[in-house]
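model.txt (compact mmCIF, C-alpha atoms and all ligand atoms) appears below.
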# COMPACT_ATOMS: atom_id res chain seq x y z
CA ALA O 1 13.13 31.98 -9.12
CA ALA O 2 11.07 31.51 -12.31
CA ILE O 3 13.81 29.26 -13.66
CA GLU O 4 13.99 27.26 -10.44
CA LYS O 5 10.28 26.63 -10.75
CA GLY O 6 10.87 25.08 -14.16
CA GLY O 7 8.06 27.01 -15.82
CA TYR O 8 5.50 26.22 -13.13
CA ASP O 9 3.74 28.99 -11.18
CA HIS O 10 4.75 27.54 -7.84
CA PHE O 11 7.19 25.06 -6.38
CA MET O 12 4.26 23.07 -5.05
CA LEU O 13 2.88 22.49 -8.55
CA LYS O 14 6.33 21.69 -9.91
CA GLU O 15 6.86 19.16 -7.14
CA ILE O 16 3.46 17.56 -7.71
CA PHE O 17 4.30 17.15 -11.39
CA GLU O 18 7.76 15.75 -10.62
CA GLN O 19 6.27 12.65 -9.04
CA PRO O 20 6.55 10.32 -12.04
CA SER O 21 10.31 10.83 -11.93
CA THR O 22 10.76 11.07 -8.16
CA VAL O 23 8.95 7.78 -7.55
CA PHE O 24 10.91 6.27 -10.42
CA ASP O 25 14.18 7.49 -8.88
CA CYS O 26 13.16 6.06 -5.56
CA LEU O 27 12.57 2.60 -7.07
CA ARG O 28 15.57 2.65 -9.38
CA GLY O 29 18.27 0.18 -8.43
CA ARG O 30 16.02 -1.17 -5.69
CA VAL O 31 13.12 -2.88 -7.43
CA ASP O 32 13.56 -5.20 -10.38
CA ALA O 33 10.22 -6.78 -11.17
CA ALA O 34 11.54 -8.71 -14.18
CA LYS O 35 14.14 -10.45 -12.03
CA GLY O 36 11.84 -10.53 -9.02
CA THR O 37 14.41 -8.91 -6.76
CA ILE O 38 14.66 -6.12 -4.21
CA THR O 39 17.98 -4.55 -3.32
CA MET O 40 17.95 -2.38 -0.24
CA ALA O 41 21.19 -2.46 1.70
CA GLY O 42 19.77 -0.94 4.89
CA VAL O 43 17.18 -3.69 5.11
CA GLN O 44 19.52 -6.52 4.13
CA ALA O 45 22.10 -5.50 6.73
CA ASN O 46 19.50 -5.71 9.50
CA ILE O 47 17.28 -8.45 8.17
CA GLU O 48 17.54 -10.76 11.20
CA MET O 49 16.63 -7.95 13.57
CA LEU O 50 13.73 -6.89 11.34
CA LYS O 51 12.47 -10.47 10.97
CA ASN O 52 12.57 -11.10 14.70
CA ALA O 53 11.23 -7.73 15.81
CA PRO O 54 8.28 -8.31 18.15
CA ARG O 55 7.04 -4.87 17.19
CA ILE O 56 7.71 -2.06 14.76
CA LEU O 57 7.15 1.47 16.03
CA ILE O 58 6.81 4.23 13.47
CA ILE O 59 7.57 7.76 14.64
CA ALA O 60 6.87 10.89 12.58
CA CYS O 61 4.90 14.14 12.33
CA GLY O 62 2.43 15.60 9.85
CA THR O 63 2.47 14.22 6.35
CA SER O 64 5.28 11.83 7.26
CA TRP O 65 3.02 10.49 10.01
CA HIS O 66 0.34 9.83 7.38
CA ALA O 67 2.87 7.80 5.39
CA GLY O 68 3.55 5.92 8.62
CA LEU O 69 -0.12 5.21 9.17
CA LEU O 70 -0.41 3.71 5.71
CA ALA O 71 2.73 1.69 6.38
CA GLU O 72 1.01 0.18 9.42
CA TYR O 73 -1.66 -1.28 7.13
CA ILE O 74 0.95 -2.51 4.63
CA PHE O 75 3.39 -4.02 7.16
CA GLU O 76 0.69 -5.78 9.13
CA GLU O 77 -0.77 -7.24 5.93
CA LEU O 78 2.48 -8.36 4.33
CA CYS O 79 4.77 -9.02 7.31
CA ARG O 80 2.31 -9.84 10.12
CA THR O 81 4.43 -7.79 12.53
CA PRO O 82 2.43 -5.62 14.95
CA VAL O 83 2.98 -1.95 14.15
CA GLU O 84 2.29 1.15 16.19
CA VAL O 85 2.35 4.59 14.65
CA GLU O 86 3.25 7.41 16.99
CA TYR O 87 3.18 11.17 16.81
CA ALA O 88 6.75 12.03 17.77
CA SER O 89 5.63 14.83 20.07
CA GLU O 90 3.37 12.51 22.06
CA PHE O 91 5.76 9.59 22.13
CA ARG O 92 8.69 11.53 23.55
CA TYR O 93 6.87 12.83 26.59
CA ARG O 94 4.99 9.82 27.79
CA ASN O 95 7.55 7.37 29.18
CA PRO O 96 7.07 5.10 26.16
CA ILE O 97 7.55 1.35 26.30
CA VAL O 98 10.45 0.37 24.09
CA ASN O 99 11.77 -3.16 24.37
CA LYS O 100 15.07 -4.50 23.19
CA GLY O 101 14.50 -5.97 19.76
CA ASP O 102 11.86 -3.42 18.78
CA VAL O 103 12.53 -1.65 15.53
CA ILE O 104 11.79 2.04 15.26
CA ILE O 105 11.14 3.49 11.83
CA ALA O 106 11.51 7.28 11.83
CA ILE O 107 10.05 9.05 8.79
CA SER O 108 11.02 12.63 7.96
CA GLN O 109 11.37 14.63 4.77
CA SER O 110 13.70 17.25 6.24
CA GLY O 111 15.46 15.02 8.75
CA GLU O 112 15.44 18.03 11.07
CA THR O 113 12.03 17.86 12.78
CA ALA O 114 12.83 18.44 16.45
CA ASP O 115 10.07 16.27 17.87
CA THR O 116 11.04 13.30 15.71
CA LEU O 117 14.74 13.74 16.40
CA VAL O 118 14.37 13.82 20.18
CA ALA O 119 11.90 10.93 20.14
CA ILE O 120 14.30 8.63 18.31
CA GLU O 121 17.26 9.67 20.45
CA LYS O 122 15.24 8.58 23.44
CA ALA O 123 14.23 5.27 21.87
CA LYS O 124 17.83 4.62 20.87
CA GLU O 125 18.94 4.97 24.50
CA GLN O 126 16.36 2.30 25.35
CA GLY O 127 18.00 -0.18 22.99
CA ALA O 128 15.84 -0.06 19.88
CA LEU O 129 17.22 -0.14 16.34
CA ILE O 130 16.50 3.17 14.59
CA PHE O 131 15.76 2.86 10.89
CA GLY O 132 15.46 6.29 9.25
CA ILE O 133 13.47 7.06 6.12
CA VAL O 134 14.66 10.52 5.25
CA ASN O 135 14.79 12.74 2.18
CA VAL O 136 17.57 15.18 3.05
CA VAL O 137 20.92 13.42 2.85
CA GLY O 138 23.16 13.89 5.88
CA SER O 139 20.41 15.51 7.97
CA SER O 140 20.23 15.10 11.75
CA ILE O 141 17.74 12.23 11.72
CA ALA O 142 19.76 10.44 9.03
CA ARG O 143 22.83 10.74 11.26
CA VAL O 144 21.15 9.50 14.44
CA SER O 145 19.67 6.47 12.62
CA GLN O 146 21.68 3.23 12.69
CA ALA O 147 20.17 2.08 9.42
CA GLY O 148 17.94 3.57 6.82
CA ALA O 149 16.91 4.35 3.29
CA TYR O 150 16.78 7.69 1.55
CA THR O 151 13.67 8.67 -0.38
CA HIS O 152 15.64 10.35 -3.21
CA ALA O 153 12.82 12.78 -4.02
CA GLY O 154 15.19 15.73 -4.48
CA PRO O 155 14.82 19.08 -2.72
CA GLU O 156 11.26 19.85 -1.66
CA ILE O 157 10.77 23.63 -1.46
CA GLY O 158 7.00 24.01 -1.15
CA VAL O 159 6.01 24.00 2.52
CA ALA O 160 3.28 21.48 1.80
CA SER O 161 4.86 18.08 1.38
CA THR O 162 3.92 16.31 -1.85
CA LYS O 163 6.63 14.41 -3.70
CA ALA O 164 8.34 13.46 -0.43
CA PHE O 165 5.15 11.69 0.63
CA THR O 166 4.87 9.46 -2.45
CA ALA O 167 8.57 8.65 -2.16
CA GLN O 168 8.08 7.70 1.50
CA LEU O 169 5.25 5.38 0.49
CA ALA O 170 7.43 3.81 -2.20
CA VAL O 171 10.28 3.15 0.27
CA LEU O 172 7.97 1.80 2.95
CA THR O 173 6.34 -0.55 0.43
CA ILE O 174 9.73 -1.84 -0.71
CA ILE O 175 10.74 -2.56 2.88
CA ALA O 176 7.46 -4.32 3.64
CA LEU O 177 7.77 -6.44 0.48
CA GLN O 178 11.31 -7.46 1.31
CA LEU O 179 10.54 -8.19 4.93
CA GLY O 180 7.36 -10.11 4.10
CA TYR O 181 9.26 -12.18 1.58
CA GLU O 182 12.10 -12.93 3.99
CA LYS O 183 9.73 -13.76 6.82
CA GLY O 184 7.68 -16.04 4.60
CA THR O 185 4.47 -14.18 5.42
CA LEU O 186 4.20 -13.12 1.77
CA ASP O 187 4.04 -15.86 -0.85
CA ASN O 188 6.12 -15.68 -3.99
CA LYS O 189 3.18 -15.12 -6.32
CA ARG O 190 1.85 -12.12 -4.45
CA PHE O 191 5.38 -10.81 -3.92
CA LEU O 192 5.99 -10.79 -7.69
CA HIS O 193 2.57 -9.31 -8.40
CA LEU O 194 3.11 -6.45 -5.95
CA LEU O 195 6.64 -5.87 -7.20
CA ASN O 196 5.21 -5.38 -10.70
CA GLU O 197 2.41 -3.18 -9.42
CA LEU O 198 4.91 -1.01 -7.56
CA GLN O 199 7.22 -0.73 -10.53
CA ASP O 200 4.29 0.37 -12.71
CA ILE O 201 3.34 3.30 -10.47
CA PRO O 202 5.66 5.92 -12.06
CA GLU O 203 4.05 5.13 -15.44
CA LYS O 204 0.56 5.55 -14.01
CA ILE O 205 1.10 8.86 -12.19
CA PRO O 206 0.92 10.96 -15.41
CA ALA O 207 -2.68 9.79 -15.97
CA ALA O 208 -3.56 11.06 -12.47
CA LEU O 209 -1.79 14.35 -13.21
CA ASN O 210 -3.80 14.65 -16.43
CA GLN O 211 -6.80 15.45 -14.24
CA ALA O 212 -5.20 18.77 -13.26
CA GLU O 213 -7.37 20.97 -15.50
CA HIS O 214 -10.51 19.21 -14.34
CA VAL O 215 -9.46 19.52 -10.68
CA LYS O 216 -8.80 23.22 -11.26
CA GLN O 217 -12.42 23.65 -12.38
CA LEU O 218 -13.62 21.81 -9.29
CA ALA O 219 -11.44 24.11 -7.20
CA TYR O 220 -13.34 27.15 -8.49
CA LYS O 221 -16.65 25.38 -7.93
CA TYR O 222 -15.93 24.51 -4.29
CA LYS O 223 -13.48 27.18 -3.12
CA ASP O 224 -16.01 29.09 -1.02
CA ALA O 225 -17.01 26.14 1.13
CA ARG O 226 -16.44 26.75 4.83
CA ASP O 227 -15.55 23.15 5.67
CA PHE O 228 -14.60 19.97 3.86
CA LEU O 229 -14.86 16.38 4.97
CA TYR O 230 -12.45 13.76 3.56
CA LEU O 231 -13.42 10.11 3.86
CA GLY O 232 -11.60 6.90 3.00
CA ARG O 233 -11.31 3.34 4.23
CA GLY O 234 -8.45 0.89 4.52
CA TYR O 235 -5.37 1.92 2.56
CA ASN O 236 -7.15 5.11 1.55
CA PHE O 237 -7.97 6.23 5.08
CA PRO O 238 -4.52 7.82 5.58
CA ILE O 239 -5.04 9.51 2.19
CA ALA O 240 -8.21 11.11 3.55
CA LEU O 241 -6.18 12.51 6.45
CA GLU O 242 -3.51 13.73 4.07
CA GLY O 243 -6.08 15.36 1.77
CA ALA O 244 -7.57 17.26 4.70
CA LEU O 245 -4.14 18.37 5.94
CA LYS O 246 -3.14 19.62 2.48
CA LEU O 247 -6.36 21.62 2.17
CA LYS O 248 -5.98 23.20 5.63
CA GLU O 249 -2.38 24.18 4.99
CA ILE O 250 -2.81 25.69 1.55
CA SER O 251 -6.35 27.07 1.41
CA TYR O 252 -7.04 27.77 5.12
CA ILE O 253 -10.36 25.96 4.74
CA HIS O 254 -11.25 23.83 7.71
CA ALA O 255 -11.12 20.17 6.74
CA GLU O 256 -11.40 16.90 8.57
CA GLY O 257 -10.23 13.49 7.49
CA TYR O 258 -12.11 10.50 8.85
CA PRO O 259 -12.49 6.77 8.29
CA ALA O 260 -15.61 6.66 6.12
CA ALA O 261 -17.50 4.27 8.38
CA GLU O 262 -16.64 6.18 11.54
CA MET O 263 -18.47 9.23 10.19
CA LYS O 264 -21.81 7.94 11.44
CA HIS O 265 -20.45 8.13 14.98
CA GLY O 266 -20.34 11.92 14.89
CA PRO O 267 -19.23 13.94 11.88
CA ILE O 268 -22.35 13.00 9.92
CA ALA O 269 -24.09 15.68 11.98
CA LEU O 270 -22.15 18.26 9.94
CA VAL O 271 -23.55 17.13 6.60
CA ASP O 272 -25.90 19.46 4.75
CA GLU O 273 -26.13 20.86 1.21
CA THR O 274 -23.19 23.22 1.84
CA LEU O 275 -20.67 20.53 2.79
CA PRO O 276 -18.35 19.08 0.14
CA VAL O 277 -17.31 15.54 1.05
CA VAL O 278 -14.28 14.12 -0.72
CA PHE O 279 -14.38 10.33 -0.97
CA ILE O 280 -11.25 8.42 -1.83
CA ALA O 281 -13.14 5.53 -3.34
CA THR O 282 -10.88 3.64 -5.72
CA LYS O 283 -11.74 0.01 -6.54
CA ASP O 284 -10.48 -2.07 -3.64
CA SER O 285 -11.79 -4.59 -1.15
CA TYR O 286 -13.80 -1.84 0.58
CA HIS O 287 -15.56 -0.68 -2.56
CA GLU O 288 -19.08 -1.90 -1.75
CA LYS O 289 -18.80 -0.50 1.74
CA ILE O 290 -17.72 2.94 0.64
CA ILE O 291 -20.55 3.07 -1.90
CA SER O 292 -22.95 2.76 1.06
CA ASN O 293 -21.10 5.61 2.78
CA ILE O 294 -21.53 7.78 -0.32
CA GLN O 295 -25.26 7.02 -0.27
CA GLU O 296 -25.40 8.10 3.37
CA ILE O 297 -23.92 11.49 2.42
CA LYS O 298 -26.15 11.94 -0.63
CA ALA O 299 -29.23 11.13 1.46
CA ARG O 300 -28.30 14.15 3.59
CA LYS O 301 -27.73 16.36 0.54
CA GLY O 302 -23.95 16.64 0.97
CA LYS O 303 -21.91 17.32 -2.16
CA VAL O 304 -19.80 14.31 -3.11
CA ILE O 305 -16.47 14.63 -4.91
CA ALA O 306 -15.18 11.09 -5.46
CA VAL O 307 -11.73 9.93 -6.45
CA ILE O 308 -12.43 6.76 -8.42
CA THR O 309 -10.74 4.13 -10.53
CA GLU O 310 -11.22 4.69 -14.26
CA GLY O 311 -14.34 2.99 -15.53
CA ASP O 312 -16.24 3.09 -12.24
CA ASP O 313 -19.71 3.91 -13.58
CA VAL O 314 -21.47 3.13 -10.31
CA ILE O 315 -19.85 5.94 -8.33
CA THR O 316 -19.87 8.24 -11.36
CA GLN O 317 -23.69 8.00 -11.29
CA MET O 318 -23.89 8.81 -7.59
CA ALA O 319 -21.30 11.52 -7.11
CA ASP O 320 -21.62 15.22 -7.92
CA ASP O 321 -18.10 15.18 -9.33
CA VAL O 322 -15.48 12.53 -9.92
CA ILE O 323 -11.73 12.58 -10.38
CA VAL O 324 -10.33 9.52 -12.14
CA VAL O 325 -7.09 7.67 -11.38
CA PRO O 326 -5.67 4.54 -13.06
CA GLN O 327 -6.35 1.07 -11.72
CA ALA O 328 -3.70 -0.39 -9.37
CA ASP O 329 -3.48 -3.00 -6.62
CA GLU O 330 -5.01 -1.53 -3.47
CA LEU O 331 -1.69 -1.73 -1.65
CA VAL O 332 0.02 0.71 -4.02
CA ALA O 333 -3.05 2.67 -5.20
CA PRO O 334 -2.62 5.43 -2.57
CA MET O 335 0.43 6.68 -4.49
CA LEU O 336 -2.09 7.53 -7.21
CA SER O 337 -5.12 8.55 -5.17
CA VAL O 338 -3.11 11.14 -3.21
CA ILE O 339 -2.35 13.09 -6.42
CA PRO O 340 -5.89 14.56 -6.71
CA MET O 341 -5.67 15.53 -3.00
CA GLN O 342 -2.52 17.54 -3.71
CA LEU O 343 -3.98 19.13 -6.84
CA LEU O 344 -7.28 20.05 -5.21
CA ALA O 345 -5.58 21.79 -2.28
CA TYR O 346 -3.19 23.55 -4.64
CA TYR O 347 -5.85 24.87 -7.01
CA ILE O 348 -8.19 25.97 -4.21
CA GLY O 349 -5.29 27.88 -2.61
CA VAL O 350 -4.52 29.53 -5.95
CA ALA O 351 -8.21 30.28 -6.58
CA LYS O 352 -8.28 32.07 -3.22
CA GLY O 353 -5.21 34.08 -4.13
CA LEU O 354 -3.08 32.59 -1.36
CA ASP O 355 0.67 32.07 -1.15
CA VAL O 356 0.65 28.32 -1.65
CA ASP O 357 4.42 27.86 -1.40
CA LYS O 358 4.62 29.68 1.91
CA PRO O 359 1.35 29.38 3.79
CA ARG O 360 0.97 31.57 6.86
CA ASN O 361 2.22 30.32 10.23
CA LEU O 362 4.02 27.31 8.74
CA ALA O 363 7.71 26.50 8.36
CA LYS O 364 9.18 23.91 6.03
CA SER O 365 10.83 22.07 8.86
CA VAL O 366 9.75 22.47 12.44
CA THR O 367 13.02 22.59 14.34
CA VAL O 368 11.47 23.75 17.59
CA GLU O 369 9.28 21.60 19.78
C1 LIG B 401 3.17 18.73 5.46
O1 LIG B 401 2.62 19.29 4.34
C2 LIG B 401 3.75 19.58 6.48
N1 LIG B 401 3.95 20.93 6.22
C3 LIG B 401 4.19 18.98 7.77
O2 LIG B 401 3.08 18.33 8.32
C4 LIG B 401 5.38 18.03 7.73
O3 LIG B 401 5.02 16.86 7.06
C5 LIG B 401 5.86 17.74 9.15
O4 LIG B 401 6.28 18.93 9.76
C6 LIG B 401 6.98 16.72 9.19
O5 LIG B 401 8.12 17.17 8.53
P1 LIG B 401 9.30 16.21 8.19
O6 LIG B 401 8.79 15.17 7.26
O7 LIG B 401 10.34 17.09 7.53
O8 LIG B 401 9.81 15.61 9.47
The structure in this file should be written as structure tokens.
Amino acid sequence: AAIEKGGYDHFMLKEIFEQPSTVFDCLRGRVDAAKGTITMAGVQANIEMLKNAPRILIIACGTSWHAGLLAEYIFEELCRTPVEVEYASEFRYRNPIVNKGDVIIAISQSGETADTLVAIEKAKEQGALIFGIVNVVGSSIARVSQAGAYTHAGPEIGVASTKAFTAQLAVLTIIALQLGYEKGTLDNKRFLHLLNELQDIPEKIPAALNQAEHVKQLAYKYKDARDFLYLGRGYNFPIALEGALKLKEISYIHAEGYPAAEMKHGPIALVDETLPVVFIATKDSYHEKIISNIQEIKARKGKVIAVITEGDDVITQMADDVIVVPQADELVAPMLSVIPMQLLAYYIGVAKGLDVDKPRNLAKSVTVE
């Protein structure tokens, strides 16, 4: 087992550190920024259907659902197609409206999640095209899908999903770029810019991973907190949800993810000097707004841990602690800002002496409903 872990203490840590190469593998042969081309057979083969789809429905569970939520922001921005993101377990039981022409994107690491599988079988009967984004080759969801793209992240052993998530984001971004380009909702200049930004991500991930020792220290500082709040806006809102899920799974600390501005409608009542609040506050179009949200937390004596873009002196002054990630276009930045979320959950779990690869009550793939 020590050999399988490649010198790392746990599979989870190994998989977190594999991300420069897994994201690279996911882009390889698909994205060529120098030529300005995208090659994705599953998309090309169904391009007319995708272009004409009145609606895209995304169906998934857990971390894969978070990738889907981020995809909603990306697809609506680049392709102007309305997107709905559904929890598979809710979708399957509620007599869902699926119209002919709708495209269903199913996202699953394992390809065996029972709720997702049954939900897409149902949608398929109703005449929708099922496009699967799956990691495990030949899995049930891959087989039920009529089209799809593999994430090529390699086997994920740790129960907490890490490298599969960044690979899902990479695939979803490629699809949105291609579709936006084909639909004409994305102009050539921005298309090329985003293609370059996406291709640069694997080279930027190591700088985010370099924060590991610093995050480990923060883990010891905050490990005894009873609750955590995770806040983000826009493209980083799904990352707040993902950060909270990772922490719950691995450290058994109660955590909530929230849109930063929604906090004043309730969760702000929880804030006092014992509450660590993780802000995903990289430099994007929401930056000024999230700075105000940080001030609201500091005014109530909450402890602020902020994930920021390198060189952000403003938030560095305000926050109790910062974790730095490289600059990137806001559309692809979540593939970097999620790395500190994974590391923080991991190191807090380790600091508490927990079995991070096999947290209690959880299974790697949930094959029962
Ligand atoms: C994430 O860390 C999970 N343990 C879990 O939420 C998982 O993402 C979910 O069960 C979906 O699994 P899938 O991607 O294999 O379908």
Got a sec to check which residues lie within 6 Å of ligand LIG 401 (chain B), using all atoms listed in the file, and send them as a CSV table (one decimal) with C-alpha atoms, keeping the file's coordinate frame?
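What ended up in pocket27.csv:
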chain,number,residue,atom,x,y,z
O,61,CYS,CA,4.9,14.1,12.3
O,62,GLY,CA,2.4,15.6,9.8
O,63,THR,CA,2.5,14.2,6.4
O,64,SER,CA,5.3,11.8,7.3
O,108,SER,CA,11.0,12.6,8.0
O,109,GLN,CA,11.4,14.6,4.8
O,110,SER,CA,13.7,17.2,6.2
O,111,GLY,CA,15.5,15.0,8.8
O,113,THR,CA,12.0,17.9,12.8
O,159,VAL,CA,6.0,24.0,2.5
O,160,ALA,CA,3.3,21.5,1.8
O,161,SER,CA,4.9,18.1,1.4
O,365,SER,CA,10.8,22.1,8.9
O,366,VAL,CA,9.8,22.5,12.4
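What separates atom CA of O:Glu273 from atom CA of O:His287 is a distance of 24.3 Å.
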note = Of O:Lys189, O:Arg28, O:His10, O:Arg94, the one sitting nearest O:Thr151 when using only C-alpha atoms is O:Arg28
O:Leu172: which residues within 9 Å, counting only C-alpha atoms, same-chain residues fewer than 3 positions away excluded, as a compact mmCIF listing (two decimals) with C-alpha atoms, in the frame of the given file?
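To be explicit, this is the file written out as result_24.txt:
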# COMPACT_ATOMS: atom_id res chain seq x y z
CA ALA O 67 2.87 7.80 5.39
CA GLY O 68 3.55 5.92 8.62
CA ALA O 71 2.73 1.69 6.38
CA ILE O 74 0.95 -2.51 4.63
CA PHE O 75 3.39 -4.02 7.16
CA ILE O 133 13.47 7.06 6.12
CA ALA O 167 8.57 8.65 -2.16
CA GLN O 168 8.08 7.70 1.50
CA LEU O 169 5.25 5.38 0.49
CA ILE O 175 10.74 -2.56 2.88
CA ALA O 176 7.46 -4.32 3.64
CA LEU O 177 7.77 -6.44 0.48
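Here atom CA of O:Thr274 is placed at a distance of 28.2 Å from atom CA of O:Asp357.
The coordinates place atom CA of O:Ser140 at 7.3 Å from atom CA of O:Leu117.
Using only C-alpha atoms, the protein and nucleic acid residues lying no more than 6 Å from stretch 119-130 of chain O, apart from those fewer than 5 places from it along its own chain, are Ala88, Arg92, Lys100, Asp102, Val103, Ile104, Ser145 and Gln146 of chain O.
Using only C-alpha atoms for every distance, the candidate list O:Leu241, O:Leu27, O:Ile305, O:Leu229 yields O:Leu229 as the residue closest to O:His254.
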